[in-house]
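Structure, as structure tokens:
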Amino acid sequence: MSPTVIALIVIVVLVAILAKKTLVVIPQSETKIIERLGKYHATLEPGINIIIPFIDAAKSMVTMSHGRYVYSNSIDLREQVYDFPKQNVITKDNIQMEINALLYFQIFDPFKAMYEINNLPAAIEKLTQTTLRNIIGEMELDQTLTSRDTVNTKLRAVLDEATDKWGVKVTRVELQDIMPPQSVLMAMEKQMQAERNKRAVILTSEGEKQSQILKSEGEKAATINKAEALKQKTILEAEGVAQARIRKAEAEAVAIQRITEAVGDSSNPANYLLAQKYIQMMQDLATGQDAKTVYLPYEATNLLGSLGGIKDLFNNK
């Protein structure tokens, strides 16, 4: 190979290397910080950018990749998520538990993210841990377990304010797991079981109470209905007896009137009626169980007088 060809190949290689160093392709949603001779020069936009080789260089920053801190000269402008390891926190009522936080953030100012903080992921992680400890330390265990939204809101507000000078926007904070100690979990389970038993006893007693109330109301209604029926029956029987007596009296009045018409006004019809009643009574005595022996009362002479009066009555007629 001739020296000319070798020189041409070297020139081509140098041009290719120079072109690669000069032309920088930035993917969408990413950027790079360019320093010229160690001083900030520019923030590259997505697309093709031209820099001066060996004079301009992309500055590297610490990022999180697969749970490890790595250096990279590309800055991702998309929303990122950090899954921090579990940490121990102590509540206001001195209960120690483990909490696993999930943090969503986005870099909106690459210059601040590069120059305002040395290790951005570590700073966000430590800030999240200390802030979470402070928030949980102001709450009791029951509040912590039932107020995740409140904890998330407070934590996001504090982190967003603190990371603003780093060019970072904290968009969301989530508490994945809240794990109290095993002894506390057992106590909570017993408490829940006792609460369920309490509710069951209350519901059972309420059901029995309602059953007794309904039963007593039914018995009351039945008693009222029976009393009302007995009342109506007594009233109807009394009205029947009264009507019978009235009809009987009316019949007797008609009989007296007929007798009066038959015997005339000069005779007393009462003697006839008394004699008739007396005769009926004597017949009842004669046909009774002790009919073999009949005792005539002392007033039997009055019966004979009544019979004589009847005789005189018809003789006058």
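In the structure tokens, the first chain shown is A, the next is B, and so on; residue numbers restart at 1 for each chain, and ligands run from 1 in the order shown.
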Under the rule of at most 10 Å, produce a per-residue listing of segment 73-188 of chain A near segment 55-60 of chain A: chain, number, name, the closest pair of atoms, and the distance in Å, as CSV, using only C-alpha atoms.
```
residue,atom,partner,partner_atom,distance
A:Asn73,CA,A:Ser60,CA,3.9
A:Ser74,CA,A:Ser60,CA,7.3
A:Ile75,CA,A:Ser60,CA,8.7
A:Met114,CA,A:Ser60,CA,8.3
```
For the residues in the current selection, export N, CA and C atoms as a CSV table (one decimal), in the first residue's frame.
```
chain,number,residue,atom,x,y,z
A,73,ASN,N,-24.1,11.5,30.7
A,73,ASN,CA,-24.0,12.9,30.2
A,73,ASN,C,-25.3,13.3,29.5
A,74,SER,N,-26.3,12.4,29.5
A,74,SER,CA,-27.6,12.7,29.0
A,74,SER,C,-28.6,12.9,30.1
A,75,ILE,N,-29.4,13.9,30.0
A,75,ILE,CA,-30.4,14.2,31.0
A,75,ILE,C,-31.8,13.9,30.5
A,114,MET,N,-28.1,20.2,37.1
A,114,MET,CA,-26.7,19.8,36.9
A,114,MET,C,-25.8,20.6,37.9
```
Show me, as a list in words, the residues that have an atom within 8 Å of Lys169 of chain A when counting only C-alpha atoms, minus same-chain residues fewer than 6 positions from it. Phe105, Gln106, Ile107, Phe108, Asp160 and Thr163 of chain A
Run DSSP on the backbone of this structure and report the residues of segment 123-217 of chain A it assigns to strand (DSSP E or B), as an MDAnalysis selection string. chainID A and resid 168:179
Which residues of segment 9-105 of chain A sit at most 6 Å from segment 172-181 of chain A, using only C-alpha atoms? Give each one's shortest atom pair and distance in Å (one decimal place), in chain and ascending residue order, as a tab-separated table.
```
residue	atom	partner	partner_atom	distance
A:Met97	CA	A:Pro180	CA	4.4
A:Glu98	CA	A:Met179	CA	5.1
A:Ile99	CA	A:Ile178	CA	4.7
A:Asn100	CA	A:Asp177	CA	5.2
A:Ala101	CA	A:Leu175	CA	4.6
A:Leu102	CA	A:Glu174	CA	5.0
A:Leu103	CA	A:Val173	CA	4.7
A:Tyr104	CA	A:Arg172	CA	5.1
```
Just list as a PyMOL selection string whatever in segment 71-284 of chain A DSSP marks as helix (DSSP H, G or I). chain A and resi 110-115+120-137+141-146+148-162+164-166+182-263+269-284
Excluding Thr22 of chain A and any residue of its chain fewer than 6 positions from it, enumerate the residues within 7 Å of it, using only C-alpha atoms, and give them as a list of chain:residue names. A:Ile50, A:Ile51, A:Ile52, A:Pro53
Would you output that residue set with N, CA, C and O atoms, as a compact mmCIF listing (two decimals), in the first residue's frame?
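Result went into result-v2.txt, see below:
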```
# COMPACT_ATOMS: atom_id res chain seq x y z
N ILE A 50 -24.20 20.98 16.80
CA ILE A 50 -22.79 21.06 16.42
C ILE A 50 -21.99 21.64 17.57
O ILE A 50 -22.35 22.68 18.14
N ILE A 51 -20.93 20.96 17.95
CA ILE A 51 -20.04 21.43 19.00
C ILE A 51 -18.60 21.41 18.47
O ILE A 51 -18.33 20.83 17.41
N ILE A 52 -17.71 22.02 19.21
CA ILE A 52 -16.29 22.03 18.82
C ILE A 52 -15.60 20.88 19.51
O ILE A 52 -15.55 20.81 20.75
N PRO A 53 -15.06 19.95 18.72
CA PRO A 53 -14.39 18.80 19.35
C PRO A 53 -13.20 19.22 20.21
O PRO A 53 -12.51 20.20 19.90
```
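Look at Gln28 of chain A: the protein and nucleic acid residues within 7 Å of it, using only C-alpha atoms and passing over chain neighbours fewer than 2 places away, are Ile26, Glu30 and Pro46 of chain A.
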